[in-house]
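Peer 1: Got a structure for you, questions after.
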Amino acid sequence: MHASQSLYQIGQLMCEATREILWHSAGDQLRSRASGAALRCRVGSGQATYHRYDSRRKLHLINYGLRMIAAKQQATSAEGWLSTREIQGRGYFGGELSTLNLLAHTCCHEFAHLVQYSAGHRTYGSVHNRHFYDILDRLHGSGTAEETRQFLLRESKRGGIQIPDTAFELPDRTKPSRQWHVGEPVSFGEGARRREGEIIRVNRKTCTVQGTGMARGSRYRVPLSMLRKIG
Ligand SMILES: [Zn+2]
């Protein structure tokens with residue numbers, strides 16, 4: 001109970017950050033263009049996190065899902081999210097993953113959808129398009145994303161809420177999932193190109209394999225991902 005309550009408080013801070021920083025910084029421009037549209041932010045109980053526009057009520061709605069906030073508390077559960085890939089792939093916040101950076105970026109991501117929608121650049125089947133990333137890049141480049149991050153950091157400390165800003169240690173994908181040893185019989189390649197051999201050296205990303213059988217007399221440098229154990 002305590003845990004989900006503090007997640008809810010984090011969600012409410014994200015709502016505040018969206019209104020106070022993001023909406024405020026872009027608000028004048030948006031309001032004149034969207035003729036008086038308002039913004040409502042809320043915390044939902046599920047995972048779903050989205051921006052939606054109600055044209056009848058002229059109301060932007062941004063929903064932050066509790067289970068999304070929960071998932072971004074640890075490296076393992078944060079791994080599959082688009083915000084994780086965006087921070088790493090586009091170098092936002094120096095490419096550093098932490099709960100604080102992920103949640104601040106999530107505010108920016110959803111707000112970028114709001115801006116994208118207002119500018120008429122959101123079309124069915126093309127949501128995360130070039131226009132969207134132009135907007136998101138601007139939010140980060142202009143310092144607005146950093147302001148959003150600072151707001152979350154400051155207000156969470158003030159409210160006694162934990163939003164960790166320590167960098168995640170992600171499982172290192174470049175490490176082989178399995179350790180290879182000199183002398184092990186292996187195969188590599190498929191079908192007619194399949195070869196067999198014996199590992200004579202283990203390198204960082206490859207193994208040096210001395211061919212055996214039909215491959216006798218040849219030497220190969222084989223990427224770790226291509227190696228198969230035989231025997
Ligand atoms: Zn999105």
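Letters for chains follow the order of the structure tokens (A, B, ...), residue numbers begin at 1 for each chain, and ligand numbers begin at 1 in the order shown.
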Fewer than 6 positions away in the same chain doesn't count, so skip those; otherwise give me all residues within 7 Å of range 88-103 of chain A, counting only C-alpha atoms, as an mmCIF file with all heavy atoms, in the first residue's frame.

Peer 2:
```cif
data_model
loop_
_atom_site.group_PDB
_atom_site.id
_atom_site.type_symbol
_atom_site.label_atom_id
_atom_site.label_comp_id
_atom_site.auth_asym_id
_atom_site.auth_seq_id
_atom_site.Cartn_x
_atom_site.Cartn_y
_atom_site.Cartn_z
ATOM 1 N N LYS A 72 9.536 1.922 -14.133
ATOM 2 C CA LYS A 72 10.740 2.725 -14.338
ATOM 3 C C LYS A 72 11.548 2.913 -13.044
ATOM 4 O O LYS A 72 12.476 3.713 -12.994
ATOM 5 C CB LYS A 72 10.377 4.057 -14.992
ATOM 6 C CG LYS A 72 9.970 3.822 -16.445
ATOM 7 C CD LYS A 72 9.437 5.021 -17.159
ATOM 8 C CE LYS A 72 9.043 4.634 -18.595
ATOM 9 N NZ LYS A 72 8.299 5.686 -19.278
ATOM 10 N N GLN A 73 11.195 2.146 -12.013
ATOM 11 C CA GLN A 73 11.952 2.211 -10.756
ATOM 12 C C GLN A 73 13.197 1.326 -10.787
ATOM 13 O O GLN A 73 14.118 1.535 -10.011
ATOM 14 C CB GLN A 73 11.074 1.790 -9.557
ATOM 15 C CG GLN A 73 9.801 2.602 -9.397
ATOM 16 C CD GLN A 73 10.047 4.071 -9.099
ATOM 17 O OE1 GLN A 73 10.831 4.395 -8.217
ATOM 18 N NE2 GLN A 73 9.393 4.950 -9.838
ATOM 19 N N HIS A 140 14.536 18.994 -25.354
ATOM 20 C CA HIS A 140 15.792 18.679 -24.674
ATOM 21 C C HIS A 140 16.850 19.741 -24.957
ATOM 22 O O HIS A 140 17.554 20.171 -24.045
ATOM 23 C CB HIS A 140 16.281 17.279 -25.079
ATOM 24 C CG HIS A 140 15.592 16.195 -24.290
ATOM 25 N ND1 HIS A 140 16.064 15.752 -23.077
ATOM 26 C CD2 HIS A 140 14.460 15.504 -24.524
ATOM 27 C CE1 HIS A 140 15.242 14.811 -22.606
ATOM 28 N NE2 HIS A 140 14.258 14.640 -23.463
ATOM 29 N N ARG A 149 13.180 18.006 -15.276
ATOM 30 C CA ARG A 149 13.930 17.089 -14.415
ATOM 31 C C ARG A 149 14.233 17.744 -13.059
ATOM 32 O O ARG A 149 14.052 17.137 -12.003
ATOM 33 C CB ARG A 149 15.222 16.717 -15.145
ATOM 34 C CG ARG A 149 16.116 15.743 -14.428
ATOM 35 C CD ARG A 149 17.409 15.580 -15.230
ATOM 36 N NE ARG A 149 18.318 14.699 -14.541
ATOM 37 C CZ ARG A 149 19.119 15.092 -13.556
ATOM 38 N NH1 ARG A 149 19.114 16.351 -13.165
ATOM 39 N NH2 ARG A 149 19.914 14.230 -12.960
ATOM 40 N N ILE A 163 12.556 9.793 -5.749
ATOM 41 C CA ILE A 163 12.729 9.552 -7.192
ATOM 42 C C ILE A 163 14.235 9.429 -7.412
ATOM 43 O O ILE A 163 14.918 10.441 -7.586
ATOM 44 C CB ILE A 163 12.152 10.683 -8.070
ATOM 45 C CG1 ILE A 163 10.682 10.986 -7.691
ATOM 46 C CG2 ILE A 163 12.227 10.292 -9.544
ATOM 47 C CD1 ILE A 163 10.039 12.047 -8.573
ATOM 48 N N PRO A 164 14.771 8.212 -7.389
ATOM 49 C CA PRO A 164 16.226 8.037 -7.444
ATOM 50 C C PRO A 164 16.833 8.643 -8.716
ATOM 51 O O PRO A 164 16.287 8.477 -9.802
ATOM 52 C CB PRO A 164 16.402 6.515 -7.437
ATOM 53 C CG PRO A 164 15.120 5.968 -6.896
ATOM 54 C CD PRO A 164 14.054 6.941 -7.298
ATOM 55 N N ASP A 165 17.949 9.349 -8.526
ATOM 56 C CA ASP A 165 18.647 9.905 -9.690
ATOM 57 C C ASP A 165 19.986 9.216 -9.917
ATOM 58 O O ASP A 165 20.824 9.719 -10.657
ATOM 59 C CB ASP A 165 18.820 11.428 -9.560
ATOM 60 C CG ASP A 165 19.688 11.812 -8.368
ATOM 61 O OD1 ASP A 165 19.932 10.957 -7.491
ATOM 62 O OD2 ASP A 165 20.131 12.983 -8.319
ATOM 63 N N THR A 166 20.180 8.067 -9.288
ATOM 64 C CA THR A 166 21.406 7.306 -9.530
ATOM 65 C C THR A 166 21.259 6.511 -10.828
ATOM 66 O O THR A 166 20.200 5.970 -11.119
ATOM 67 C CB THR A 166 21.680 6.321 -8.382
ATOM 68 O OG1 THR A 166 20.439 5.677 -8.034
ATOM 69 C CG2 THR A 166 22.217 7.017 -7.156
ATOM 70 N N ALA A 167 22.356 6.488 -11.584
ATOM 71 C CA ALA A 167 22.316 5.842 -12.904
ATOM 72 C C ALA A 167 22.127 4.337 -12.767
ATOM 73 O O ALA A 167 22.715 3.708 -11.893
ATOM 74 C CB ALA A 167 23.592 6.142 -13.671
ATOM 75 N N PHE A 168 21.290 3.789 -13.646
ATOM 76 C CA PHE A 168 21.082 2.337 -13.686
ATOM 77 C C PHE A 168 22.326 1.636 -14.204
ATOM 78 O O PHE A 168 22.992 2.135 -15.092
ATOM 79 C CB PHE A 168 19.954 1.979 -14.658
ATOM 80 C CG PHE A 168 18.583 2.310 -14.167
ATOM 81 C CD1 PHE A 168 17.539 2.423 -15.063
ATOM 82 C CD2 PHE A 168 18.319 2.486 -12.819
ATOM 83 C CE1 PHE A 168 16.248 2.714 -14.633
ATOM 84 C CE2 PHE A 168 17.033 2.771 -12.374
ATOM 85 C CZ PHE A 168 16.007 2.892 -13.285
#
```

Peer 1: Do you know which residues are at most 10 Å from range 213-227 of chain A counting only C-alpha atoms, after dropping those on the same chain fewer than 3 positions away, and could you put them as a PyMOL selection string?

Peer 2: chain A and resi 174-180+185-190+194-210+230

Peer 1: Please run DSSP on the backbone and report, as number ranges by chain, all residues within range 19-231 of chain A that come out as strand (DSSP E).

Peer 2: A: 38-44, 50-54, 59-65, 185-188, 195-202, 206-211, 219-223, 228-229

Peer 1: List as a tab-separated table every residue of chain A that is in contact with ligand 1, defined as an atom at most 9 Å from one of its atoms (using only C-alpha atoms and all ligand atoms), together with the nearest atom pair and the distance in Å rounded to one decimal, sorted by chain and then rising number.

Peer 2:
```
residue	atom	partner	partner_atom_place_in_ligand_line	distance
A:Thr49	CA	ligand 1	1 (Zn)	8.4
A:Tyr50	CA	ligand 1	1 (Zn)	6.9
A:His51	CA	ligand 1	1 (Zn)	8.2
A:Leu82	CA	ligand 1	1 (Zn)	7.9
A:Ser83	CA	ligand 1	1 (Zn)	8.6
A:Thr106	CA	ligand 1	1 (Zn)	8.8
A:His109	CA	ligand 1	1 (Zn)	6.1
A:Glu110	CA	ligand 1	1 (Zn)	6.2
A:Ala112	CA	ligand 1	1 (Zn)	8.2
A:His113	CA	ligand 1	1 (Zn)	6.6
A:Val127	CA	ligand 1	1 (Zn)	6.8
A:His128	CA	ligand 1	1 (Zn)	6.1
A:Phe132	CA	ligand 1	1 (Zn)	8.6
```

Peer 1: Write out as an NGL selection string all residues of chain A that DSSP puts in helix (DSSP H, G or I) for this structure's backbone.

Peer 2: :A and (2-33 or 66-71 or 75-78 or 82-90 or 92-95 or 99-118 or 130-141 or 144-158 or 191-193 or 213-215 or 224-226)

Peer 1: Could you name the residues that touch range 115-125 of chain A at 12 Å or less, counting only C-alpha atoms, but leaving out those on the same chain fewer than 3 positions away, as a ChimeraX atom specification?

Peer 2: /A:22-23,25-27,29-39,51-55,58-62,108-112,128-136,138-139

Peer 1: What does the structure give for the distance between CA of Leu152 in chain A and CA of Gly80 in chain A, in Å to one decimal?

Peer 2: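 Going from CA of Leu152 in chain A over to CA of Gly80 in chain A covers 22.8 Å.
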
Peer 1: For Asn63 in chain A, which of A:Arg158, A:Leu7, A:Cys41, A:Ala17 is the closest residue, counting only C-alpha atoms?

Peer 2: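 Of the candidates, the smallest distance to Asn63 in chain A is held by A:Cys41.
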
Peer 1: Take CA of Tyr64 in chain A and CA of Phe151 in chain A and report the distance between them in Å, one decimal.

Peer 2: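 Interatomic distance, CA of Tyr64 in chain A to CA of Phe151 in chain A: 16.8 Å.
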
Peer 1: With distances taken over only C-alpha atoms, which of A:Gly11, A:Gly141, A:Arg40, A:Ala70 is nearest to Arg57 in chain A?

Peer 2: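 Selected residue with least distance to Arg57 in chain A: A:Arg40.
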
Peer 1: When you count only C-alpha atoms, which of these residues is closest to Gln9 in chain A: A:Gly143, A:Gly160, A:Gly46, A:Gly183?

Peer 2: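 That would be A:Gly160, the residue with the smallest distance to Gln9 in chain A.
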